[in-house]
Amino acid sequence: MLAMKKIILSFLLFLSIHSFSQKISGIVLDGNTKEPIIGASVYFDNTTIGVSTNNKGEFTLPYKRKIKTPLVVSFIGYISLRKTDLSITKKMKIYLYKSNSVLNEIVINTNDGWSKELKMKEFLKHFLGDTENGRACKIVNKENIILRYSKAKKQLTAKGVGPVLIKNPNLGFLISVELNHFEINYSFVSKNTRNFDHVYYSSTNFYKSINLDVSSETIKKRNEAYKGSVLHFMRALSKKELFKNGYKAYNEDETFSVYNAYNKVNYTKDIKIQKLTNLGVNVQLKNKLSIRYKNGEQSSVESFVDEFFIDSFGNHSPIDKILFKGSFGNRRIGDALPLDFLLTK
């Protein structure tokens with residue numbers, strides 16, 4: 001009996017080590033010269049999991065299979081790479097190629113009707129967010145942002161040349177952003193008035209705590225930012241725990257609630273969720289939903305695809321096919337948290 005217990009304990013220990021110590025490793029090379037690239041950034045998109053390559057161009061990262069965001073590899077002057085086919089059994093070789101248009105794009109059309117200051121002001125407001133956390137954020141290297149305004153389209157666009165570094169003192173993060181595309185589409189523009197219709201941006205983000213020892217005040221602010229966020233909502237939705245997490249959902253004109261008398265969502269009629277083993281769930285939203293959170297915030301969620309995916313972290317995709325308005329829509333990167341964030345007491 002004692003021997004059997006030892007075998008079982010040894011087996012459980014093996015499983016524990018095997019489950020939690022998986023790693024991926026590789027080397028980042030110049031695609032043309034095959035020389036190692038030192039100091040390249042390697043990270044899982046929208047997480048705190050990342051490193052820089054060493055003096056041999058090598059890297060090692062902890063790997064959890066439930067992470068479904070791509071591995072991003074980037075270096076200034078090179079085209080960033082997003083990699084999804086990862087291996088824990090062999091060392092990966094990753095090739096980056098130089099970009100021919102990195103510096104040539106820093107040309108701003110001064111005849112577009114908007115000053116550089118106005119374009120930057122609008123960009124900061126809608127990218128960082130017009131909230132307490134958003135207004136506290138600072139972009140360290142604004143010179144890495146190209147801004148253009150189109151009178152004909154009533155559209156402001158932006159893109160990054162190299163990583164855009166954002167310091168968020170309220171939530172204690174330094175965020176490195178590869179800003180691929182950003183646009184604000186306005187419904188009305190005059191000399192003193194600008195009414196926006198919707199905002200869209202595409203980027204990859206890496207989060208790093210500013211301080212190694214995170215203060216209790218910063219933890220509190222992170223927890224507050226999480227509650228009522230899109231990430232919080234998606235996690236609750238995927239687990240069929242909307243009401244338990246403080247959400248109430250209604251159809252678009254609010255003539256009926258999608259909750260029955262027991263305060264449970266009718267998950268077969270209004271919201272269909274199909275679990276995919278431990279990878280995540282597929283979700284079907286048949287109608288636009290009006291969402292109310294327990295603190296009084298109101299939002300709406302509308303899907304423009306037959307179904308979308310939520311992984312075990314709460315990351316939804318395709319992100320550009322799910323439209324958020326109200327409180328959800330007003331939160332920008334200043335209120336965003338990494339996908340591997342967990343509530344801390």
# chains A, B, ... in the order shown; residues from 1 in each chain; ligands from 1
call {"tool": "closest_atom_pairs", "arguments": {"of": "region 203-318 of chain A", "to": "region 29-43 of chain A", "cutoff": "12 Å", "atoms": "only C-alpha atoms", "output": "tab-separated table"}}
result
residue	atom	partner	partner_atom	distance
A:Thr204	CA	A:Tyr43	CA	9.6
A:Asn205	CA	A:Tyr43	CA	8.7
A:Phe206	CA	A:Tyr43	CA	6.7
A:Tyr207	CA	A:Tyr43	CA	9.3
A:Lys208	CA	A:Tyr43	CA	10.8
call {"tool": "write_last_selection", "arguments": {"atoms": "N, CA and C atoms", "output": "PDB file, in the first residue's frame"}}
result
ATOM      1  N   THR A 204      -1.059  44.725 -31.854  1.00  0.00           N
ATOM      2  CA  THR A 204      -0.618  43.681 -30.934  1.00  0.00           C
ATOM      3  C   THR A 204       0.016  44.388 -29.741  1.00  0.00           C
ATOM      4  N   ASN A 205      -0.230  43.868 -28.543  1.00  0.00           N
ATOM      5  CA  ASN A 205       0.177  44.565 -27.320  1.00  0.00           C
ATOM      6  C   ASN A 205       0.918  43.631 -26.366  1.00  0.00           C
ATOM      7  N   PHE A 206       1.942  44.194 -25.736  1.00  0.00           N
ATOM      8  CA  PHE A 206       2.656  43.455 -24.697  1.00  0.00           C
ATOM      9  C   PHE A 206       2.672  44.298 -23.425  1.00  0.00           C
ATOM     10  N   TYR A 207       2.211  43.699 -22.319  1.00  0.00           N
ATOM     11  CA  TYR A 207       2.098  44.401 -21.041  1.00  0.00           C
ATOM     12  C   TYR A 207       3.242  44.015 -20.113  1.00  0.00           C
ATOM     13  N   LYS A 208       3.784  45.025 -19.462  1.00  0.00           N
ATOM     14  CA  LYS A 208       4.826  44.781 -18.470  1.00  0.00           C
ATOM     15  C   LYS A 208       4.573  45.703 -17.284  1.00  0.00           C
TER      16      LYS A 208
END
call {"tool": "select_by_dssp", "arguments": {"residues": "region 22-171 of chain A", "states": "helix (DSSP H, G or I)", "output": "ChimeraX atom specification"}}
result
/A:116-127,132-136,142-144
call {"tool": "residues_around", "arguments": {"residues": "region 65-71 of chain A", "least_positions_apart": "6", "cutoff": "10 Å", "atoms": "only C-alpha atoms", "output": "short mmCIF file (atom, residue, chain, number, x, y, z; two decimals) with all heavy atoms, in the first residue's frame"}}
result
data_model
loop_
_atom_site.label_atom_id
_atom_site.label_comp_id
_atom_site.auth_asym_id
_atom_site.auth_seq_id
_atom_site.Cartn_x
_atom_site.Cartn_y
_atom_site.Cartn_z
N SER A 19 2.56 19.64 -16.77
CA SER A 19 1.47 20.55 -17.12
C SER A 19 1.87 22.00 -16.99
O SER A 19 1.44 22.84 -17.76
CB SER A 19 0.25 20.27 -16.24
OG SER A 19 -0.20 18.96 -16.42
N PHE A 20 2.71 22.32 -15.99
CA PHE A 20 2.92 23.72 -15.68
C PHE A 20 4.30 24.25 -16.06
O PHE A 20 4.57 25.42 -15.91
CB PHE A 20 2.67 23.96 -14.19
CG PHE A 20 1.25 23.71 -13.79
CD1 PHE A 20 0.89 22.54 -13.14
CD2 PHE A 20 0.26 24.64 -14.09
CE1 PHE A 20 -0.44 22.33 -12.78
CE2 PHE A 20 -1.05 24.41 -13.75
CZ PHE A 20 -1.41 23.25 -13.09
N GLN A 22 5.81 23.64 -19.20
CA GLN A 22 6.04 23.59 -20.63
C GLN A 22 6.62 24.92 -21.11
O GLN A 22 6.19 25.99 -20.68
CB GLN A 22 4.76 23.26 -21.37
CG GLN A 22 4.31 21.82 -21.18
CD GLN A 22 3.08 21.50 -21.98
OE1 GLN A 22 2.33 22.38 -22.36
NE2 GLN A 22 2.85 20.22 -22.24
N VAL A 42 9.69 39.11 -28.14
CA VAL A 42 8.94 37.88 -28.39
C VAL A 42 7.89 37.77 -27.29
O VAL A 42 8.23 37.66 -26.11
CB VAL A 42 9.86 36.64 -28.38
CG1 VAL A 42 9.06 35.39 -28.75
CG2 VAL A 42 11.05 36.83 -29.32
N TYR A 43 6.61 37.81 -27.66
CA TYR A 43 5.56 37.79 -26.63
C TYR A 43 4.25 37.26 -27.19
O TYR A 43 4.03 37.26 -28.40
CB TYR A 43 5.33 39.20 -26.07
CG TYR A 43 4.91 40.23 -27.10
CD1 TYR A 43 3.57 40.46 -27.39
CD2 TYR A 43 5.86 40.99 -27.79
CE1 TYR A 43 3.18 41.40 -28.33
CE2 TYR A 43 5.49 41.94 -28.73
CZ TYR A 43 4.15 42.14 -29.00
OH TYR A 43 3.77 43.07 -29.94
N PHE A 44 3.41 36.77 -26.29
CA PHE A 44 2.05 36.39 -26.66
C PHE A 44 1.19 37.64 -26.64
O PHE A 44 1.16 38.39 -25.66
CB PHE A 44 1.50 35.33 -25.69
CG PHE A 44 2.10 33.97 -25.89
CD1 PHE A 44 3.10 33.50 -25.04
CD2 PHE A 44 1.68 33.16 -26.93
CE1 PHE A 44 3.67 32.25 -25.23
CE2 PHE A 44 2.24 31.90 -27.13
CZ PHE A 44 3.23 31.45 -26.28
N ASP A 45 0.50 37.87 -27.75
CA ASP A 45 -0.27 39.09 -27.93
C ASP A 45 -1.25 39.33 -26.78
O ASP A 45 -1.95 38.41 -26.34
CB ASP A 45 -1.04 39.03 -29.26
CG ASP A 45 -1.78 40.31 -29.57
OD1 ASP A 45 -1.39 41.38 -29.05
OD2 ASP A 45 -2.76 40.25 -30.33
N ASN A 46 -1.28 40.57 -26.30
CA ASN A 46 -2.22 41.01 -25.26
C ASN A 46 -2.02 40.31 -23.93
O ASN A 46 -2.98 40.11 -23.17
CB ASN A 46 -3.67 40.84 -25.72
CG ASN A 46 -4.24 42.12 -26.27
OD1 ASN A 46 -4.02 43.20 -25.72
ND2 ASN A 46 -4.96 42.01 -27.37
N THR A 47 -0.79 39.92 -23.63
CA THR A 47 -0.50 39.28 -22.35
C THR A 47 0.73 39.93 -21.72
O THR A 47 1.34 40.83 -22.29
CB THR A 47 -0.22 37.76 -22.50
OG1 THR A 47 1.05 37.58 -23.14
CG2 THR A 47 -1.30 37.08 -23.32
N ILE A 49 3.20 37.86 -20.96
CA ILE A 49 4.15 36.77 -21.18
C ILE A 49 5.05 37.10 -22.37
O ILE A 49 4.62 37.01 -23.52
CB ILE A 49 3.42 35.44 -21.41
CG1 ILE A 49 2.44 35.16 -20.27
CG2 ILE A 49 4.41 34.29 -21.55
CD1 ILE A 49 1.49 34.02 -20.54
N GLY A 50 6.29 37.50 -22.10
CA GLY A 50 7.19 37.87 -23.18
C GLY A 50 8.61 38.07 -22.70
O GLY A 50 8.87 38.24 -21.51
N LEU A 81 6.23 39.61 -37.08
CA LEU A 81 5.71 38.30 -37.45
C LEU A 81 4.76 37.80 -36.37
O LEU A 81 5.03 37.92 -35.18
CB LEU A 81 6.87 37.31 -37.61
CG LEU A 81 6.51 35.87 -37.97
CD1 LEU A 81 6.06 35.80 -39.43
CD2 LEU A 81 7.71 34.94 -37.77
N ARG A 82 3.63 37.26 -36.79
CA ARG A 82 2.67 36.63 -35.89
C ARG A 82 2.68 35.14 -36.18
O ARG A 82 2.44 34.72 -37.31
CB ARG A 82 1.27 37.20 -36.10
CG ARG A 82 1.16 38.67 -35.73
CD ARG A 82 -0.06 39.31 -36.38
NE ARG A 82 -1.30 38.73 -35.92
CZ ARG A 82 -2.03 39.19 -34.91
NH1 ARG A 82 -1.60 40.25 -34.23
NH2 ARG A 82 -3.16 38.63 -34.57
N LYS A 83 2.96 34.34 -35.14
CA LYS A 83 3.14 32.90 -35.33
C LYS A 83 2.17 32.12 -34.45
O LYS A 83 2.06 32.37 -33.25
CB LYS A 83 4.59 32.53 -34.99
CG LYS A 83 4.99 31.11 -35.36
CD LYS A 83 6.48 30.92 -35.13
CE LYS A 83 6.92 29.49 -35.44
NZ LYS A 83 6.72 29.12 -36.86
N THR A 84 1.45 31.18 -35.05
CA THR A 84 0.49 30.36 -34.30
C THR A 84 0.88 28.89 -34.23
O THR A 84 0.41 28.16 -33.38
CB THR A 84 -0.91 30.47 -34.93
OG1 THR A 84 -0.83 30.11 -36.32
CG2 THR A 84 -1.45 31.90 -34.82
N ASP A 85 1.74 28.45 -35.15
CA ASP A 85 2.17 27.05 -35.14
C ASP A 85 3.41 26.91 -34.26
O ASP A 85 4.53 27.03 -34.72
CB ASP A 85 2.45 26.55 -36.57
CG ASP A 85 3.43 27.44 -37.31
OD1 ASP A 85 3.44 28.65 -37.05
OD2 ASP A 85 4.19 26.92 -38.15
N LEU A 86 3.17 26.66 -33.00
CA LEU A 86 4.24 26.62 -32.00
C LEU A 86 4.59 25.17 -31.64
O LEU A 86 3.76 24.27 -31.74
CB LEU A 86 3.81 27.38 -30.75
CG LEU A 86 3.33 28.82 -30.98
CD1 LEU A 86 2.89 29.43 -29.66
CD2 LEU A 86 4.41 29.65 -31.63
N THR A 204 -1.06 44.73 -31.85
CA THR A 204 -0.62 43.68 -30.93
C THR A 204 0.02 44.39 -29.74
O THR A 204 0.70 45.40 -29.91
CB THR A 204 0.41 42.73 -31.59
OG1 THR A 204 1.55 43.48 -32.02
CG2 THR A 204 -0.20 42.02 -32.78
N ASN A 278 -11.48 21.95 -23.82
CA ASN A 278 -10.98 22.96 -22.88
C ASN A 278 -10.38 24.16 -23.59
O ASN A 278 -9.71 24.98 -22.98
CB ASN A 278 -9.91 22.34 -21.96
CG ASN A 278 -8.70 21.85 -22.74
OD1 ASN A 278 -8.79 21.67 -23.95
ND2 ASN A 278 -7.60 21.64 -22.05
N LEU A 279 -10.62 24.27 -24.90
CA LEU A 279 -10.04 25.37 -25.68
C LEU A 279 -10.85 26.66 -25.56
O LEU A 279 -10.31 27.75 -25.65
CB LEU A 279 -9.94 24.96 -27.16
CG LEU A 279 -9.08 23.74 -27.47
CD1 LEU A 279 -9.14 23.42 -28.96
CD2 LEU A 279 -7.64 23.97 -27.03
N GLY A 280 -12.15 26.51 -25.39
CA GLY A 280 -13.02 27.68 -25.33
C GLY A 280 -14.40 27.32 -25.81
O GLY A 280 -14.80 26.14 -25.80
N ILE A 310 -14.70 32.37 -28.13
CA ILE A 310 -14.12 32.92 -26.90
C ILE A 310 -13.21 31.85 -26.33
O ILE A 310 -13.66 30.74 -26.01
CB ILE A 310 -15.19 33.29 -25.85
CG1 ILE A 310 -16.24 34.23 -26.43
CG2 ILE A 310 -14.53 33.93 -24.63
CD1 ILE A 310 -17.37 34.57 -25.46
N ASP A 311 -11.90 32.17 -26.21
CA ASP A 311 -10.98 31.17 -25.66
C ASP A 311 -11.06 31.16 -24.14
O ASP A 311 -11.81 31.92 -23.52
CB ASP A 311 -9.55 31.38 -26.17
CG ASP A 311 -8.90 32.67 -25.66
OD1 ASP A 311 -9.37 33.22 -24.64
OD2 ASP A 311 -7.92 33.12 -26.27
N SER A 312 -10.27 30.30 -23.51
CA SER A 312 -10.36 30.12 -22.07
C SER A 312 -9.85 31.33 -21.29
O SER A 312 -10.07 31.42 -20.09
CB SER A 312 -9.59 28.86 -21.64
OG SER A 312 -8.26 28.91 -22.11
N PHE A 313 -9.17 32.26 -21.96
CA PHE A 313 -8.74 33.50 -21.32
C PHE A 313 -9.82 34.58 -21.38
O PHE A 313 -9.74 35.59 -20.69
CB PHE A 313 -7.47 34.04 -21.99
CG PHE A 313 -6.20 33.58 -21.34
CD1 PHE A 313 -5.17 33.05 -22.09
CD2 PHE A 313 -6.03 33.67 -19.97
CE1 PHE A 313 -3.99 32.63 -21.50
CE2 PHE A 313 -4.86 33.25 -19.36
CZ PHE A 313 -3.84 32.72 -20.13
N ASN A 315 -10.60 35.87 -24.51
CA ASN A 315 -10.27 36.60 -25.74
C ASN A 315 -11.24 36.18 -26.83
O ASN A 315 -11.37 35.00 -27.14
CB ASN A 315 -8.83 36.27 -26.14
CG ASN A 315 -8.41 36.98 -27.41
OD1 ASN A 315 -8.74 38.13 -27.61
ND2 ASN A 315 -7.68 36.28 -28.26
N HIS A 316 -11.93 37.14 -27.46
CA HIS A 316 -12.92 36.80 -28.49
C HIS A 316 -12.37 37.11 -29.88
O HIS A 316 -11.59 38.02 -30.07
CB HIS A 316 -14.23 37.56 -28.26
CG HIS A 316 -14.13 39.04 -28.45
ND1 HIS A 316 -13.63 39.88 -27.46
CD2 HIS A 316 -14.46 39.85 -29.49
CE1 HIS A 316 -13.65 41.13 -27.89
NE2 HIS A 316 -14.14 41.13 -29.13
N SER A 317 -12.83 36.33 -30.84
CA SER A 317 -12.41 36.54 -32.22
C SER A 317 -13.51 36.02 -33.17
O SER A 317 -14.23 35.08 -32.81
CB SER A 317 -11.09 35.81 -32.49
OG SER A 317 -11.23 34.41 -32.29
N LEU A 339 -4.74 39.75 -21.24
CA LEU A 339 -5.67 38.64 -21.25
C LEU A 339 -5.39 37.62 -20.15
O LEU A 339 -6.28 36.88 -19.74
CB LEU A 339 -5.64 37.94 -22.61
CG LEU A 339 -6.21 38.74 -23.78
CD1 LEU A 339 -6.06 37.96 -25.07
CD2 LEU A 339 -7.67 39.08 -23.53
N ASP A 340 -4.15 37.60 -19.65
CA ASP A 340 -3.84 36.66 -18.56
C ASP A 340 -4.07 37.28 -17.19
O ASP A 340 -3.64 36.74 -16.18
CB ASP A 340 -2.42 36.13 -18.68
CG ASP A 340 -1.37 37.25 -18.79
OD1 ASP A 340 -1.70 38.33 -19.29
OD2 ASP A 340 -0.23 37.04 -18.37
#
call {"tool": "atom_distance", "arguments": {"atom1": "CA of Lys91 (chain A)", "atom2": "CA of Gly57 (chain A)"}}
result
12.3 Å
call {"tool": "atom_distance", "arguments": {"atom1": "CA of Ile322 (chain A)", "atom2": "CA of Asn170 (chain A)"}}
result
27.8 Å
call {"tool": "closest_residue", "arguments": {"among": "A:Gly113, A:Pro338, A:Gly77, A:Gly329", "to": "Arg148 (chain A)", "atoms": "only C-alpha atoms"}}
result
A:Gly113
call {"tool": "atom_distance", "arguments": {"atom1": "CA of Leu124 (chain A)", "atom2": "CA of Phe196 (chain A)"}}
result
14.0 Å
call {"tool": "residues_around", "arguments": {"residues": "Ile79 (chain A)", "least_positions_apart": "4", "cutoff": "7 Å", "atoms": "only C-alpha atoms", "output": "PDB file with all heavy atoms, in the first residue's frame"}}
result
ATOM      1  N   SER A  74       9.003  40.866 -32.988  1.00  0.00           N
ATOM      2  CA  SER A  74       9.191  42.159 -33.636  1.00  0.00           C
ATOM      3  C   SER A  74      10.542  42.755 -33.275  1.00  0.00           C
ATOM      4  O   SER A  74      11.127  42.460 -32.228  1.00  0.00           O
ATOM      5  CB  SER A  74       8.074  43.128 -33.226  1.00  0.00           C
ATOM      6  OG  SER A  74       8.166  43.446 -31.848  1.00  0.00           O
ATOM      7  N   LEU A  96      12.968  37.216 -39.556  1.00  0.00           N
ATOM      8  CA  LEU A  96      12.377  38.530 -39.755  1.00  0.00           C
ATOM      9  C   LEU A  96      13.042  39.205 -40.951  1.00  0.00           C
ATOM     10  O   LEU A  96      14.245  39.049 -41.169  1.00  0.00           O
ATOM     11  CB  LEU A  96      12.553  39.413 -38.515  1.00  0.00           C
ATOM     12  CG  LEU A  96      11.835  38.996 -37.225  1.00  0.00           C
ATOM     13  CD1 LEU A  96      12.038  40.055 -36.154  1.00  0.00           C
ATOM     14  CD2 LEU A  96      10.353  38.753 -37.457  1.00  0.00           C
ATOM     15  N   TYR A  97      12.243  39.981 -41.694  1.00  0.00           N
ATOM     16  CA  TYR A  97      12.756  40.664 -42.877  1.00  0.00           C
ATOM     17  C   TYR A  97      12.616  42.173 -42.713  1.00  0.00           C
ATOM     18  O   TYR A  97      11.608  42.658 -42.182  1.00  0.00           O
ATOM     19  CB  TYR A  97      12.004  40.187 -44.123  1.00  0.00           C
ATOM     20  CG  TYR A  97      12.278  38.738 -44.445  1.00  0.00           C
ATOM     21  CD1 TYR A  97      11.516  37.727 -43.859  1.00  0.00           C
ATOM     22  CD2 TYR A  97      13.312  38.390 -45.301  1.00  0.00           C
ATOM     23  CE1 TYR A  97      11.780  36.385 -44.131  1.00  0.00           C
ATOM     24  CE2 TYR A  97      13.581  37.052 -45.580  1.00  0.00           C
ATOM     25  CZ  TYR A  97      12.813  36.052 -44.994  1.00  0.00           C
ATOM     26  OH  TYR A  97      13.082  34.728 -45.256  1.00  0.00           O
ATOM     27  N   LYS A  98      13.616  42.884 -43.180  1.00  0.00           N
ATOM     28  CA  LYS A  98      13.632  44.332 -43.032  1.00  0.00           C
ATOM     29  C   LYS A  98      12.494  44.974 -43.808  1.00  0.00           C
ATOM     30  O   LYS A  98      12.117  44.512 -44.885  1.00  0.00           O
ATOM     31  CB  LYS A  98      14.975  44.904 -43.490  1.00  0.00           C
ATOM     32  CG  LYS A  98      16.117  44.625 -42.514  1.00  0.00           C
ATOM     33  CD  LYS A  98      17.393  45.333 -42.922  1.00  0.00           C
ATOM     34  CE  LYS A  98      18.492  45.098 -41.872  1.00  0.00           C
ATOM     35  NZ  LYS A  98      19.758  45.770 -42.239  1.00  0.00           N
ATOM     36  N   SER A  99      11.967  46.054 -43.243  1.00  0.00           N
ATOM     37  CA  SER A  99      10.913  46.813 -43.892  1.00  0.00           C
ATOM     38  C   SER A  99      11.535  47.965 -44.667  1.00  0.00           C
ATOM     39  O   SER A  99      12.362  48.702 -44.138  1.00  0.00           O
ATOM     40  CB  SER A  99       9.924  47.350 -42.853  1.00  0.00           C
ATOM     41  OG  SER A  99       9.001  48.224 -43.452  1.00  0.00           O
TER      42      SER A  99
END
call {"tool": "closest_residue", "arguments": {"among": "A:Ser25, A:Ser327, A:Asn144, A:Gln284", "to": "Thr89 (chain A)", "atoms": "only C-alpha atoms"}}
result
A:Ser25
call {"tool": "closest_residue", "arguments": {"among": "A:Lys64, A:Ser299, A:Val28, A:Lys345", "to": "Ser52 (chain A)", "atoms": "only C-alpha atoms"}}
result
A:Val28
call {"tool": "residues_around", "arguments": {"residues": "Gly246 (chain A)", "least_positions_apart": "3", "cutoff": "8 Å", "atoms": "only C-alpha atoms", "output": "list in words"}}
result
Leu242, Phe243, Tyr293 and Lys294 of chain A
call {"tool": "select_by_dssp", "arguments": {"residues": "region 118-232 of chain A", "states": "strand (DSSP E or B)", "output": "ChimeraX atom specification"}}
result
/A:138-139,145-150,155-160,164-168,173-189,194-209
call {"tool": "residues_around", "arguments": {"residues": "Ser216 (chain A)", "least_positions_apart": "4", "cutoff": "12 Å", "atoms": "only C-alpha atoms", "output": "ChimeraX atom specification"}}
result
/A:170-172,220-223,344-345
call {"tool": "residues_around", "arguments": {"residues": "Asp130 (chain A)", "least_positions_apart": "6", "cutoff": "9 Å", "atoms": "only C-alpha atoms", "output": "mmCIF file with all heavy atoms, in the first residue's frame"}}
result
data_model
loop_
_atom_site.group_PDB
_atom_site.id
_atom_site.type_symbol
_atom_site.label_atom_id
_atom_site.label_comp_id
_atom_site.auth_asym_id
_atom_site.auth_seq_id
_atom_site.Cartn_x
_atom_site.Cartn_y
_atom_site.Cartn_z
ATOM 1 N N LEU A 124 -5.276 60.721 -29.205
ATOM 2 C CA LEU A 124 -5.065 60.354 -27.805
ATOM 3 C C LEU A 124 -6.388 60.125 -27.087
ATOM 4 O O LEU A 124 -6.532 59.192 -26.298
ATOM 5 C CB LEU A 124 -4.258 61.444 -27.092
ATOM 6 C CG LEU A 124 -2.814 61.639 -27.574
ATOM 7 C CD1 LEU A 124 -2.165 62.800 -26.822
ATOM 8 C CD2 LEU A 124 -1.997 60.373 -27.395
ATOM 9 N N ASN A 330 -16.760 52.693 -24.933
ATOM 10 C CA ASN A 330 -16.011 53.880 -24.500
ATOM 11 C C ASN A 330 -14.675 53.535 -23.859
ATOM 12 O O ASN A 330 -13.824 54.403 -23.690
ATOM 13 C CB ASN A 330 -16.848 54.708 -23.522
ATOM 14 C CG ASN A 330 -18.035 55.372 -24.212
ATOM 15 O OD1 ASN A 330 -18.011 55.603 -25.416
ATOM 16 N ND2 ASN A 330 -19.086 55.650 -23.450
ATOM 17 N N ARG A 331 -14.512 52.289 -23.462
ATOM 18 C CA ARG A 331 -13.243 51.889 -22.847
ATOM 19 C C ARG A 331 -12.211 51.629 -23.932
ATOM 20 O O ARG A 331 -12.467 50.925 -24.897
ATOM 21 C CB ARG A 331 -13.436 50.633 -21.994
ATOM 22 C CG ARG A 331 -14.357 50.845 -20.812
ATOM 23 C CD ARG A 331 -14.315 49.656 -19.888
ATOM 24 N NE ARG A 331 -15.261 49.791 -18.785
ATOM 25 C CZ ARG A 331 -15.144 49.160 -17.634
ATOM 26 N NH1 ARG A 331 -14.122 48.360 -17.425
ATOM 27 N NH2 ARG A 331 -16.039 49.322 -16.677
ATOM 28 N N ARG A 332 -11.044 52.227 -23.749
ATOM 29 C CA ARG A 332 -9.980 52.077 -24.733
ATOM 30 C C ARG A 332 -8.770 51.430 -24.057
ATOM 31 O O ARG A 332 -8.891 50.807 -23.002
ATOM 32 C CB ARG A 332 -9.610 53.428 -25.320
ATOM 33 C CG ARG A 332 -10.764 54.166 -25.978
ATOM 34 C CD ARG A 332 -11.085 53.584 -27.347
ATOM 35 N NE ARG A 332 -11.967 54.461 -28.095
ATOM 36 C CZ ARG A 332 -13.284 54.353 -28.130
ATOM 37 N NH1 ARG A 332 -13.873 53.392 -27.464
ATOM 38 N NH2 ARG A 332 -14.022 55.210 -28.829
ATOM 39 N N GLY A 334 -6.437 52.586 -22.332
ATOM 40 C CA GLY A 334 -6.138 53.062 -20.980
ATOM 41 C C GLY A 334 -6.834 52.268 -19.888
ATOM 42 O O GLY A 334 -6.387 52.258 -18.737
#
call {"tool": "decode", "arguments": {"residues": "region 193-205 of chain A", "atoms": "N, CA, C and O atoms", "output": "tab-separated table (two decimals), in the first residue's frame"}}
result
chain	number	residue	atom	x	y	z
A	193	THR	N	-16.79	71.46	-33.62
A	193	THR	CA	-17.52	70.26	-33.21
A	193	THR	C	-17.08	69.05	-34.02
A	193	THR	O	-16.91	69.13	-35.24
A	194	ARG	N	-16.88	67.94	-33.33
A	194	ARG	CA	-16.52	66.69	-33.99
A	194	ARG	C	-17.28	65.55	-33.31
A	194	ARG	O	-17.00	65.20	-32.16
A	195	ASN	N	-18.26	65.01	-34.01
A	195	ASN	CA	-19.04	63.88	-33.49
A	195	ASN	C	-18.57	62.61	-34.18
A	195	ASN	O	-18.66	62.49	-35.40
A	196	PHE	N	-18.07	61.66	-33.39
A	196	PHE	CA	-17.57	60.43	-34.01
A	196	PHE	C	-18.67	59.38	-34.07
A	196	PHE	O	-19.55	59.31	-33.22
A	197	ASP	N	-18.59	58.57	-35.13
A	197	ASP	CA	-19.55	57.49	-35.33
A	197	ASP	C	-19.02	56.19	-34.73
A	197	ASP	O	-19.69	55.55	-33.92
A	198	HIS	N	-17.79	55.80	-35.10
A	198	HIS	CA	-17.20	54.61	-34.50
A	198	HIS	C	-15.68	54.66	-34.63
A	198	HIS	O	-15.13	55.40	-35.45
A	199	VAL	N	-15.03	53.88	-33.78
A	199	VAL	CA	-13.57	53.79	-33.74
A	199	VAL	C	-13.17	52.34	-33.94
A	199	VAL	O	-13.81	51.42	-33.41
A	200	TYR	N	-12.13	52.14	-34.73
A	200	TYR	CA	-11.61	50.79	-34.93
A	200	TYR	C	-10.09	50.84	-34.95
A	200	TYR	O	-9.50	51.77	-35.52
A	201	TYR	N	-9.45	49.87	-34.28
A	201	TYR	CA	-8.00	49.78	-34.40
A	201	TYR	C	-7.55	48.33	-34.30
A	201	TYR	O	-8.20	47.49	-33.69
A	202	SER	N	-6.42	48.08	-34.95
A	202	SER	CA	-5.82	46.75	-34.96
A	202	SER	C	-4.38	46.88	-34.47
A	202	SER	O	-3.60	47.69	-34.97
A	203	SER	N	-4.03	46.09	-33.45
A	203	SER	CA	-2.69	46.18	-32.88
A	203	SER	C	-2.35	44.88	-32.17
A	203	SER	O	-3.21	44.05	-31.89
A	204	THR	N	-1.06	44.73	-31.85
A	204	THR	CA	-0.62	43.68	-30.93
A	204	THR	C	0.02	44.39	-29.74
A	204	THR	O	0.70	45.40	-29.91
A	205	ASN	N	-0.23	43.87	-28.54
A	205	ASN	CA	0.18	44.56	-27.32
A	205	ASN	C	0.92	43.63	-26.37
A	205	ASN	O	0.55	42.47	-26.21
